[in-house]
file protein_33.txt (compact mmCIF, C-alpha atoms and all ligand atoms)
# COMPACT_ATOMS: atom_id res chain seq x y z
CA MET A 584 57.55 112.60 93.60
CA THR A 585 59.26 115.65 92.25
CA LEU A 586 59.84 114.45 88.69
CA SER A 587 56.90 113.72 86.38
CA GLU A 588 56.89 110.98 83.77
CA ALA A 589 56.99 113.63 81.03
CA GLY A 590 59.91 115.29 82.82
CA ALA A 591 61.79 111.98 82.91
CA LEU A 592 61.25 111.50 79.19
CA GLU A 593 62.58 115.01 78.56
CA LEU A 594 65.70 114.22 80.55
CA ASP A 595 66.18 111.07 78.47
CA ALA A 596 65.96 113.06 75.25
CA ALA A 597 68.62 115.46 76.53
CA ASP A 598 70.93 112.82 78.12
CA PRO A 599 70.32 109.56 76.24
CA GLY A 600 73.15 107.12 77.14
CA HIS A 601 73.71 104.06 74.92
CA ARG A 602 70.64 101.92 75.43
CA GLU A 603 70.38 101.20 71.68
CA LEU A 604 73.58 99.13 71.90
CA PHE A 605 71.97 96.65 74.35
CA ASP A 606 69.29 93.99 74.32
CA VAL A 607 66.76 95.08 76.92
CA PRO A 608 64.49 92.19 78.03
CA PRO A 609 60.72 92.44 77.50
CA ALA A 610 58.66 93.12 80.62
CA GLN A 611 56.54 90.32 82.11
CA GLY A 612 54.18 92.74 83.78
CA GLY A 613 53.19 96.38 83.94
CA SER A 614 52.31 98.75 81.13
CA TYR A 615 55.61 99.15 79.28
CA PRO A 616 57.09 96.77 76.69
CA GLU A 617 60.61 96.64 78.19
CA VAL A 618 61.76 96.06 81.73
CA ALA A 619 63.15 98.90 83.80
CA TYR A 620 66.40 97.09 84.56
CA PHE A 621 68.14 97.87 87.86
CA ALA A 622 70.07 94.61 88.27
CA GLY A 623 73.11 95.58 86.20
CA ASN A 624 75.13 95.37 89.44
CA SER A 625 74.27 91.67 89.48
CA LEU A 626 74.22 90.75 85.79
CA GLY A 627 74.67 93.42 83.14
CA LEU A 628 72.56 93.36 79.97
CA ARG A 629 73.93 91.91 76.75
CA PRO A 630 75.59 94.31 74.33
CA LYS A 631 74.11 93.53 70.89
CA ALA A 632 77.61 93.23 69.41
CA VAL A 633 78.35 90.22 71.66
CA ARG A 634 76.19 87.92 69.58
CA THR A 635 77.84 88.82 66.27
CA GLU A 636 81.40 88.77 67.56
CA LEU A 637 81.01 85.61 69.63
CA LEU A 638 79.64 83.84 66.54
CA GLU A 639 82.65 85.05 64.53
CA ASP A 640 84.99 83.49 67.09
CA LEU A 641 82.91 80.31 67.23
CA ASP A 642 82.90 79.99 63.44
CA ALA A 643 86.69 80.28 63.32
CA TRP A 644 86.73 76.92 65.13
CA ALA A 645 84.45 75.40 62.47
CA ALA A 646 86.54 76.83 59.63
CA LEU A 647 90.03 76.23 60.98
CA GLY A 648 90.07 73.59 63.70
CA VAL A 649 93.38 73.68 65.54
CA GLU A 650 94.82 76.18 63.06
CA GLY A 651 92.59 78.81 64.65
CA HIS A 652 95.23 79.17 67.37
CA LEU A 653 97.29 81.17 64.88
CA ASP A 654 95.11 81.74 61.82
CA ALA A 655 91.77 82.91 63.22
CA ALA A 656 90.94 86.57 62.56
CA ARG A 657 91.41 86.95 66.31
CA PRO A 658 93.97 84.18 66.92
CA TRP A 659 93.36 82.16 70.07
CA LEU A 660 96.94 81.89 71.32
CA PRO A 661 97.36 85.60 72.05
CA TYR A 662 93.59 86.25 72.41
CA HIS A 663 93.80 87.33 76.04
CA GLU A 664 96.20 90.10 75.05
CA LEU A 665 93.34 91.78 73.17
CA LEU A 666 91.69 92.34 76.54
CA THR A 667 94.68 93.58 78.47
CA ASP A 668 94.93 97.20 77.31
CA PRO A 669 91.23 98.07 77.61
CA ALA A 670 91.00 96.33 81.00
CA ALA A 671 94.08 98.24 82.18
CA ARG A 672 92.58 101.55 81.04
CA LEU A 673 89.35 100.75 82.85
CA VAL A 674 91.01 100.25 86.25
CA GLY A 675 93.84 102.77 85.90
CA ALA A 676 96.62 100.22 85.57
CA LEU A 677 99.57 99.60 83.31
CA PRO A 678 98.96 96.85 80.75
CA SER A 679 101.81 94.89 82.36
CA GLU A 680 99.89 94.95 85.65
CA THR A 681 96.64 93.60 84.20
CA VAL A 682 95.33 90.24 83.04
CA VAL A 683 91.87 88.83 82.30
CA MET A 684 91.57 85.22 83.46
CA ASN A 685 89.52 82.74 85.51
CA SER A 686 86.69 83.93 87.70
CA LEU A 687 86.79 86.41 90.53
CA THR A 688 87.10 84.19 93.60
CA VAL A 689 89.66 81.99 91.85
CA ASN A 690 91.71 85.11 91.16
CA LEU A 691 91.41 86.21 94.78
CA HIS A 692 92.82 82.83 95.81
CA LEU A 693 95.67 82.95 93.29
CA LEU A 694 96.53 86.45 94.44
CA MET A 695 96.36 85.49 98.12
CA VAL A 696 98.77 82.66 97.39
CA SER A 697 101.18 85.44 96.46
CA PHE A 698 100.20 88.20 98.85
CA TYR A 699 98.86 86.58 102.00
CA ARG A 700 102.08 85.35 103.60
CA PRO A 701 101.18 85.11 107.28
CA THR A 702 103.62 84.82 110.16
CA ARG A 703 102.79 84.09 113.78
CA SER A 704 103.01 87.75 114.74
CA ARG A 705 101.30 89.05 111.59
CA HIS A 706 98.59 86.79 110.23
CA ARG A 707 95.32 88.72 110.39
CA ILE A 708 93.12 89.59 107.42
CA VAL A 709 90.77 92.58 107.54
CA ILE A 710 87.49 92.37 105.61
CA GLU A 711 84.11 94.08 105.96
CA ASP A 712 81.47 92.39 108.08
CA ALA A 713 79.16 92.93 105.09
CA ALA A 714 81.67 91.31 102.74
CA PHE A 715 80.23 89.24 99.91
CA PRO A 716 80.11 85.67 101.29
CA SER A 717 82.51 84.34 98.65
CA ASP A 718 85.20 86.73 99.90
CA SER A 719 84.56 85.74 103.49
CA TYR A 720 84.80 82.04 102.66
CA ALA A 721 87.92 82.64 100.57
CA VAL A 722 89.84 84.46 103.30
CA ARG A 723 88.73 82.02 106.01
CA SER A 724 89.89 79.08 103.93
CA GLN A 725 93.23 80.79 103.22
CA VAL A 726 93.71 81.35 106.94
CA ARG A 727 92.98 77.67 107.65
CA PHE A 728 95.24 76.62 104.78
CA HIS A 729 98.12 78.39 106.53
CA GLY A 730 97.30 76.70 109.84
CA TYR A 731 95.65 79.61 111.64
CA ASP A 732 92.20 79.97 113.18
CA PRO A 733 89.79 82.12 111.14
CA GLU A 734 87.86 83.09 114.29
CA ASP A 735 91.00 84.77 115.54
CA ALA A 736 92.62 85.80 112.28
CA VAL A 737 89.74 87.36 110.31
CA ILE A 738 88.83 90.85 111.49
CA ARG A 739 85.38 91.92 110.29
CA LEU A 740 84.83 95.67 110.14
CA ARG A 741 81.40 96.75 111.36
CA PRO A 742 79.74 100.16 111.04
CA ARG A 743 79.13 102.01 114.30
CA PRO A 744 75.93 100.99 116.11
CA GLY A 745 72.94 102.50 114.36
CA GLU A 746 74.94 103.23 111.19
CA ASP A 747 74.99 101.31 107.92
CA ILE A 748 78.23 102.35 106.29
CA LEU A 749 81.87 102.27 107.33
CA ARG A 750 83.72 105.45 108.18
CA THR A 751 87.17 105.70 106.65
CA ALA A 752 88.74 106.86 109.93
CA ASP A 753 87.29 103.84 111.75
CA VAL A 754 88.68 101.49 109.09
CA VAL A 755 92.12 103.08 109.32
CA GLU A 756 92.09 102.78 113.12
CA GLN A 757 91.68 98.99 112.92
CA LEU A 758 94.77 98.43 110.81
CA GLY A 759 97.23 97.28 113.47
CA GLY A 760 100.67 95.71 113.35
CA ASP A 761 99.25 92.16 113.33
CA VAL A 762 97.42 92.68 110.03
CA ALA A 763 98.95 90.79 107.12
CA LEU A 764 96.29 91.62 104.53
CA VAL A 765 93.51 94.15 104.04
CA LEU A 766 90.99 92.84 101.51
CA LEU A 767 87.94 95.03 101.09
CA GLY A 768 85.30 95.61 98.44
CA GLY A 769 85.93 98.85 96.52
CA VAL A 770 82.16 99.33 96.37
CA ASN A 771 80.25 97.28 98.92
CA TYR A 772 77.80 94.93 97.26
CA LEU A 773 75.09 95.42 99.87
CA THR A 774 75.23 99.08 100.85
CA GLY A 775 76.70 100.49 97.65
CA GLU A 776 79.32 102.39 99.69
CA LEU A 777 82.37 103.44 97.63
CA MET A 778 85.38 103.06 99.90
CA ASP A 779 88.20 105.60 100.01
CA ILE A 780 90.59 103.24 98.24
CA PRO A 781 93.69 105.51 98.18
CA THR A 782 93.42 106.52 101.86
CA ILE A 783 92.82 102.99 103.13
CA THR A 784 95.56 101.59 100.88
CA LYS A 785 98.04 104.12 102.26
CA ALA A 786 97.00 103.40 105.85
CA GLY A 787 97.31 99.66 105.29
CA HIS A 788 100.83 100.12 103.96
CA LEU A 789 101.76 102.34 106.93
CA ALA A 790 100.61 99.49 109.20
CA GLY A 791 102.87 97.13 107.27
CA ALA A 792 100.06 95.20 105.59
CA VAL A 793 99.46 94.18 101.99
CA VAL A 794 96.33 95.82 100.55
CA GLY A 795 94.13 94.11 97.98
CA TRP A 796 90.75 95.19 96.63
CA ASP A 797 87.77 93.25 95.37
CA LEU A 798 86.41 95.47 92.61
CA ALA A 799 83.40 93.35 91.61
CA HIS A 800 81.09 96.32 92.14
CA ALA A 801 83.61 99.02 91.26
CA ALA A 802 84.98 97.98 87.85
CA GLY A 803 82.95 99.67 85.13
CA ASN A 804 81.08 101.62 87.79
CA VAL A 805 83.54 104.22 89.05
CA PRO A 806 86.90 105.50 87.73
CA LEU A 807 89.84 103.73 89.34
CA SER A 808 93.58 104.49 89.50
CA LEU A 809 94.99 101.27 90.88
CA HIS A 810 98.56 101.98 89.81
CA ASP A 811 98.71 105.52 91.21
CA TRP A 812 96.90 104.49 94.39
CA ASP A 813 99.67 101.97 94.94
CA VAL A 814 97.23 99.09 95.43
CA ASP A 815 99.11 95.78 95.80
CA PHE A 816 96.59 93.61 93.98
CA ALA A 817 92.96 93.59 92.90
CA ALA A 818 90.44 91.36 91.17
CA TRP A 819 87.03 91.97 89.63
CA CYS A 820 84.37 90.08 87.72
CA SER A 821 83.08 91.06 84.28
CA TYR A 822 79.42 90.08 84.47
CA LYS A 823 78.15 92.96 86.64
CA TYR A 824 78.80 96.49 85.35
CA LEU A 825 81.02 95.07 82.60
CA ASN A 826 78.14 93.29 80.82
CA ALA A 827 80.20 90.31 79.65
CA GLY A 828 77.62 87.65 80.49
CA PRO A 829 76.93 85.12 83.26
CA GLY A 830 80.12 83.78 84.84
CA ALA A 831 82.28 85.86 82.48
CA LEU A 832 86.02 85.82 82.92
CA ALA A 833 87.43 88.06 85.62
CA GLY A 834 90.24 90.58 85.82
CA ALA A 835 93.31 90.70 88.01
CA PHE A 836 95.78 93.46 88.84
CA VAL A 837 99.23 93.12 90.35
CA HIS A 838 101.17 96.30 91.04
CA GLU A 839 104.29 96.84 88.96
CA ARG A 840 106.56 96.65 92.00
CA HIS A 841 105.57 92.99 92.51
CA LEU A 842 106.22 91.98 88.91
CA GLY A 843 109.19 89.96 87.77
CA GLY A 844 110.44 89.23 91.27
CA ASP A 845 110.31 86.11 93.39
CA VAL A 846 106.76 86.52 94.74
CA PRO A 847 105.42 82.96 95.06
CA ARG A 848 102.79 81.99 92.52
CA PHE A 849 100.96 78.86 91.44
CA GLU A 850 102.00 78.08 87.87
CA GLY A 851 100.87 76.25 84.76
CA TRP A 852 101.92 76.40 81.14
CA TRP A 853 100.23 79.76 80.65
CA SER A 854 102.49 81.25 83.37
CA THR A 855 105.51 80.98 81.14
CA GLU A 856 106.48 83.56 78.52
CA ALA A 857 104.56 83.08 75.28
CA SER A 858 107.59 83.16 72.96
CA THR A 859 109.14 79.98 74.39
CA ARG A 860 105.99 78.21 75.63
CA PHE A 861 106.04 75.60 72.91
CA GLU A 862 109.63 74.59 73.59
CA MET A 863 107.86 72.53 76.24
CA ALA A 864 110.69 73.06 78.74
CA PRO A 865 110.23 71.48 82.19
CA GLU A 866 110.84 74.80 83.96
CA SER A 867 108.83 77.94 83.39
CA ARG A 868 110.18 81.32 82.39
CA PRO A 869 107.48 83.65 83.72
CA PRO A 870 107.23 87.09 82.10
CA ALA A 871 107.60 90.19 84.28
CA THR A 872 103.90 90.94 83.87
CA ALA A 873 100.62 89.95 85.47
CA ASP A 874 100.38 87.25 82.77
CA ALA A 875 102.68 85.22 85.03
CA TRP A 876 99.64 84.64 87.28
CA GLN A 877 97.82 82.80 84.50
CA VAL A 878 97.71 79.04 84.88
CA SER A 879 95.70 77.41 82.08
CA ASN A 880 95.03 78.24 78.46
CA PRO A 881 91.96 80.47 78.52
CA PRO A 882 88.40 79.73 77.28
CA ILE A 883 88.20 81.76 74.08
CA PHE A 884 84.41 81.73 73.79
CA SER A 885 84.12 83.09 77.33
CA MET A 886 86.72 85.71 76.61
CA SER A 887 84.96 86.94 73.49
CA PRO A 888 82.11 88.79 75.25
CA VAL A 889 84.59 90.37 77.66
CA ARG A 890 86.55 91.70 74.70
CA THR A 891 83.42 93.13 73.07
CA SER A 892 82.28 94.69 76.30
CA LEU A 893 85.65 96.25 77.14
CA GLU A 894 85.76 97.76 73.65
CA LEU A 895 82.47 99.47 74.41
CA PHE A 896 83.88 100.93 77.65
CA ASP A 897 86.92 102.10 75.71
CA LYS A 898 84.74 103.79 73.13
CA VAL A 899 82.53 105.62 75.61
CA GLY A 900 85.10 106.16 78.37
CA ILE A 901 84.61 105.53 82.07
CA GLY A 902 84.95 109.27 82.83
CA VAL A 903 81.99 110.13 80.60
CA LEU A 904 80.02 107.21 82.02
CA ARG A 905 80.69 108.34 85.58
CA GLU A 906 79.36 111.81 84.74
CA ARG A 907 76.10 110.35 83.43
CA SER A 908 76.02 107.93 86.35
CA LEU A 909 76.18 110.83 88.82
CA ARG A 910 73.26 112.54 87.08
CA LEU A 911 71.16 109.38 86.81
CA THR A 912 71.81 108.20 90.37
CA ALA A 913 71.10 111.68 91.75
CA CYS A 914 67.77 111.59 89.91
CA LEU A 915 66.89 108.20 91.40
CA ALA A 916 68.02 109.32 94.86
CA ASP A 917 65.76 112.32 94.58
CA LEU A 918 62.81 110.17 93.49
CA LEU A 919 63.46 107.77 96.38
CA GLY A 920 63.37 110.67 98.86
CA PRO A 921 60.48 109.23 100.91
CA PHE A 922 62.30 105.89 101.41
CA GLU A 923 65.19 104.94 103.67
CA VAL A 924 68.28 104.71 101.47
CA ILE A 925 71.29 103.22 103.30
CA THR A 926 73.81 104.07 100.56
CA PRO A 927 75.88 107.21 101.31
CA ARG A 928 74.18 110.45 100.31
CA ASP A 929 77.45 111.96 99.16
CA PRO A 930 77.78 111.12 95.42
CA ALA A 931 81.57 110.88 95.86
CA ARG A 932 81.04 107.99 98.29
CA ARG A 933 78.83 105.86 96.08
CA GLY A 934 78.65 104.43 92.57
CA ALA A 935 75.52 103.66 90.59
CA GLN A 936 73.76 101.61 93.26
CA LEU A 937 71.18 102.75 95.80
CA SER A 938 70.15 100.29 98.51
CA VAL A 939 66.72 100.86 99.97
CA ARG A 940 65.76 99.49 103.37
CA VAL A 941 62.31 97.95 103.22
CA PRO A 942 60.28 96.67 106.15
CA GLY A 943 61.12 93.00 105.49
CA GLY A 944 60.02 90.68 102.72
CA ALA A 945 62.44 92.14 100.20
CA GLY A 946 62.14 89.02 98.01
CA GLU A 947 58.37 89.24 97.78
CA LEU A 948 58.64 92.96 97.09
CA SER A 949 61.04 92.42 94.20
CA ARG A 950 58.73 89.73 92.75
CA ARG A 951 55.84 92.17 92.80
CA LEU A 952 57.96 94.87 91.17
CA ARG A 953 58.90 92.42 88.45
CA PHE A 954 55.54 90.86 87.67
CA GLU A 955 53.24 93.82 88.33
CA TYR A 956 55.44 96.66 87.10
CA GLY A 957 58.23 95.21 84.94
CA VAL A 958 60.84 96.68 87.29
CA ILE A 959 63.84 94.42 87.90
CA ALA A 960 65.52 95.07 91.24
CA ASP A 961 67.60 92.78 93.40
CA ALA A 962 66.41 91.72 96.85
CA ARG A 963 68.75 90.88 99.72
CA GLU A 964 66.66 89.28 102.41
CA PRO A 965 65.35 90.30 104.75
CA ASP A 966 65.15 94.03 104.18
CA VAL A 967 67.34 95.45 101.41
CA LEU A 968 66.33 96.23 97.84
CA ARG A 969 69.21 97.16 95.55
CA LEU A 970 68.65 99.40 92.53
CA ALA A 971 71.46 100.20 90.11
CA PRO A 972 70.76 102.71 87.34
CA VAL A 973 73.51 101.79 84.89
CA PRO A 974 74.77 104.77 82.88
CA LEU A 975 75.30 102.77 79.66
CA TYR A 976 71.67 101.69 79.28
CA SER A 977 69.40 102.83 82.12
CA THR A 978 67.12 105.80 81.60
CA TYR A 979 65.54 108.55 83.66
CA HIS A 980 62.23 107.00 82.72
CA ASP A 981 63.40 103.71 84.28
CA CYS A 982 64.13 105.65 87.49
CA TRP A 983 60.71 107.23 87.38
CA ARG A 984 59.09 103.80 86.87
CA ALA A 985 60.99 102.27 89.80
CA ALA A 986 60.04 105.05 92.17
CA ALA A 987 56.40 105.06 91.02
CA ALA A 988 56.18 101.26 91.44
CA LEU A 989 57.81 101.31 94.89
CA THR A 990 55.49 104.09 96.01
CA GLU A 991 52.44 102.10 94.93
CA VAL A 992 53.61 98.78 96.38
CA MET A 993 54.71 100.21 99.70
CA GLY A 994 51.74 102.52 100.00
C1 LIG B 1001 79.77 89.14 92.61
C2 LIG B 1001 80.82 89.01 93.64
C3 LIG B 1001 81.57 87.82 93.77
C4 LIG B 1001 81.26 86.62 92.92
O1 LIG B 1001 82.34 85.74 92.87
P1 LIG B 1001 82.58 84.79 91.60
O2 LIG B 1001 83.88 84.19 91.90
O3 LIG B 1001 82.56 85.67 90.39
O4 LIG B 1001 81.48 83.80 91.55
C5 LIG B 1001 82.56 87.79 94.72
N1 LIG B 1001 82.83 88.86 95.51
C6 LIG B 1001 82.13 90.01 95.40
C7 LIG B 1001 82.44 91.17 96.29
C8 LIG B 1001 81.10 90.11 94.48
O5 LIG B 1001 80.38 91.25 94.40
call {"tool": "encode", "arguments": {"input": "protein_33.txt", "output": "structure tokens"}}
result
Amino acid sequence: MTLSEAGALELDAADPGHRELFDVPPAQGGSYPEVAYFAGNSLGLRPKAVRTELLEDLDAWAALGVEGHLDAARPWLPYHELLTDPAARLVGALPSETVVMNSLTVNLHLLMVSFYRPTRSRHRIVIEDAAFPSDSYAVRSQVRFHGYDPEDAVIRLRPRPGEDILRTADVVEQLGGDVALVLLGGVNYLTGELMDIPTITKAGHLAGAVVGWDLAHAAGNVPLSLHDWDVDFAAWCSYKYLNAGPGALAGAFVHERHLGGDVPRFEGWWSTEASTRFEMAPESRPPATADAWQVSNPPIFSMSPVRTSLELFDKVGIGVLRERSLRLTACLADLLGPFEVITPRDPARRGAQLSVRVPGGAGELSRRLRFEYGVIADAREPDVLRLAPVPLYSTYHDCWRAAAALTEVMG
């Protein structure tokens, strides 16, 4: 290992991040009091402010009952609007293009209702072979819902034999005239590959397809410019890099050019414009914003941690975070030199995650890391260990601990 423990501590003193704003769990093994947490790509740690601010929102219910809809310090009726601007800034969207609602896969379905409009000659959906299973199930069920056969209609992109990541040129080549929808992960959950979103989006449009992105592993990880990249739609969850807690509400993006028109949507009373909602009219008057994709009145106590977390991203800035992320991930990549890392080596083609190929038994390996070393890393059986140094709260010393533990465990 090139970096010593003392060297890692020096780097932390010079480039400290914002660990003090988070609750870091105690370690259940090893010689340090806190875990070295590398699972922020799975469930981010709790910002300390979440507890205080969630209790404030909860106590408004006790103090006000139904009047909290209008009279709470953060009134519930327009509560979701508090999240719109910071979420839009995070993904490079206009506020009108952005809404926080539901959970990720639900949003993918609602957006496919609008943007997967298959015809006999154009009904295929392109996903990655290593797509997160929820995305695979979602697109297959959409295909069946429209009366087509998923075996025929779902095209799964595979890396070349012997390779682990997709090449942009190979992706582009597969976008033929029968493709209705391209729906890829912005950052692949397994390999950590950051896709060339603008290039693939442009190629999809040239092929006549709609292009949507699942940004579960991209939002809060890498800077995004969804509006300028001309992405049709996108969705992301808030419990990974966005640290908004288990099952936290998700985000959705619909490009400006699709707003206010006659794109089909599923509606409920939250799809209608707020100013006339309580006229209780039988027909909706949807606003020309992404809010028109809302269906139900939102869960305020689930929205509260998302608001707190997005405020933190606003304060620090995704650009600054990306800079620290590049430094931290480069440090971990260097420390993991002796291991087989399947994530792209080029920092521009990856986010904060490095996926290490292990010789099988990834689950057992991650248990040993946890209970013998206090290192929390995610295992994907059979042979991938995922480590995400998160720029908000991970440290160079965490990276050093992970590499030292892996070296010991794997001999
Ligand atoms: C985490 C993740 C999901 C999870 O879906 P939920 O609807 O939030 O349960 C889906 N897709 C991808 C790509 C993910 O990384």
call {"tool": "residues_around", "arguments": {"input": "protein_33.txt", "residues": "His980 in chain A", "least_positions_apart": "3", "cutoff": "10 Å", "atoms": "all atoms listed in the file", "output": "VMD selection string"}}
result
chain A and resid 586 to 595 619 915 977 983 to 986
call {"tool": "residues_near_ligand", "arguments": {"input": "protein_33.txt", "ligand": "ligand LIG 1001 (chain B)", "cutoff": "8 Å", "atoms": "all atoms listed in the file", "output": "list in words"}}
result
Ser625, Ser686, Leu687, Thr688, Val689, Asn690, Ala714, Phe715, Pro716, Ser717, Asp718, Gly768, Asn771, Tyr772, Asp797, Leu798, Ala799, His800, Trp819, Cys820, Lys823, Gly830, Ala831 and Ala833 of chain A
call {"tool": "residues_around", "arguments": {"input": "protein_33.txt", "residues": "Ala643 in chain A", "least_positions_apart": "5", "cutoff": "10 Å", "atoms": "all atoms listed in the file", "output": "NGL selection string"}}
result
:A and (638 or 648-652 or 654-659)
call {"tool": "residues_around", "arguments": {"input": "protein_33.txt", "residues": "Phe836 in chain A", "least_positions_apart": "5", "cutoff": "7 Å", "atoms": "only C-alpha atoms", "output": "ChimeraX atom specification"}}
result
/A:680-682,816-818,873
call {"tool": "residues_around", "arguments": {"input": "protein_33.txt", "residues": "Arg907 in chain A", "least_positions_apart": "2", "cutoff": "12 Å", "atoms": "only C-alpha atoms", "output": "PyMOL selection string"}}
result
chain A and resi 594-595+597-601+804-805+899-905+909-914+934-935+972-979
call {"tool": "residues_around", "arguments": {"input": "protein_33.txt", "residues": "Ile780 in chain A", "least_positions_apart": "4", "cutoff": "10 Å", "atoms": "all atoms listed in the file", "output": "list in words"}}
result
Thr751, Leu767, Gly768, Gly769, Val770, Thr784, Lys785, Ala786, Val794, Gly795, Trp796, Leu807, Ser808, Leu809, Trp812, Asp813 and Val814 of chain A
call {"tool": "decode", "arguments": {"input": "protein_33.txt", "residues": "range 591-606 of chain A", "atoms": "N, CA and C atoms", "output": "CSV table (one decimal), in the first residue's frame"}}
result
chain,number,residue,atom,x,y,z
A,591,ALA,N,-2.8,9.1,5.6
A,591,ALA,CA,-4.3,9.2,5.4
A,591,ALA,C,-4.8,10.3,6.3
A,592,LEU,N,-4.4,10.2,7.6
A,592,LEU,CA,-4.9,11.2,8.6
A,592,LEU,C,-4.4,12.6,8.2
A,593,GLU,N,-3.3,12.8,7.6
A,593,GLU,CA,-2.8,14.1,7.1
A,593,GLU,C,-3.7,14.6,6.0
A,594,LEU,N,-4.1,13.7,5.1
A,594,LEU,CA,-5.0,14.1,4.0
A,594,LEU,C,-6.3,14.5,4.6
A,595,ASP,N,-6.8,13.8,5.6
A,595,ASP,CA,-8.1,14.2,6.2
A,595,ASP,C,-8.0,15.6,6.8
A,596,ALA,N,-6.9,15.9,7.4
A,596,ALA,CA,-6.7,17.2,8.1
A,596,ALA,C,-6.8,18.3,7.0
A,597,ALA,N,-6.2,18.0,5.8
A,597,ALA,CA,-6.1,19.0,4.8
A,597,ALA,C,-7.4,19.1,3.9
A,598,ASP,N,-8.2,18.0,3.9
A,598,ASP,CA,-9.4,18.0,3.0
A,598,ASP,C,-10.5,17.3,3.7
A,599,PRO,N,-11.1,18.0,4.7
A,599,PRO,CA,-11.9,17.3,5.7
A,599,PRO,C,-13.4,16.9,5.4
A,600,GLY,N,-14.0,17.4,4.3
A,600,GLY,CA,-15.4,17.1,4.1
A,600,GLY,C,-16.3,17.6,5.2
A,601,HIS,N,-17.5,16.9,5.4
A,601,HIS,CA,-18.5,17.4,6.3
A,601,HIS,C,-19.0,16.3,7.2
A,602,ARG,N,-18.1,15.4,7.6
A,602,ARG,CA,-18.4,14.3,8.5
A,602,ARG,C,-19.2,14.7,9.7
A,603,GLU,N,-18.8,15.9,10.3
A,603,GLU,CA,-19.4,16.3,11.6
A,603,GLU,C,-20.9,16.5,11.5
A,604,LEU,N,-21.4,16.7,10.3
A,604,LEU,CA,-22.8,16.9,10.1
A,604,LEU,C,-23.6,15.6,10.1
A,605,PHE,N,-23.0,14.5,10.2
A,605,PHE,CA,-23.6,13.2,10.0
A,605,PHE,C,-23.5,12.3,11.3
A,606,ASP,N,-24.4,11.4,11.5
A,606,ASP,CA,-24.3,10.4,12.5
A,606,ASP,C,-23.6,9.2,11.9
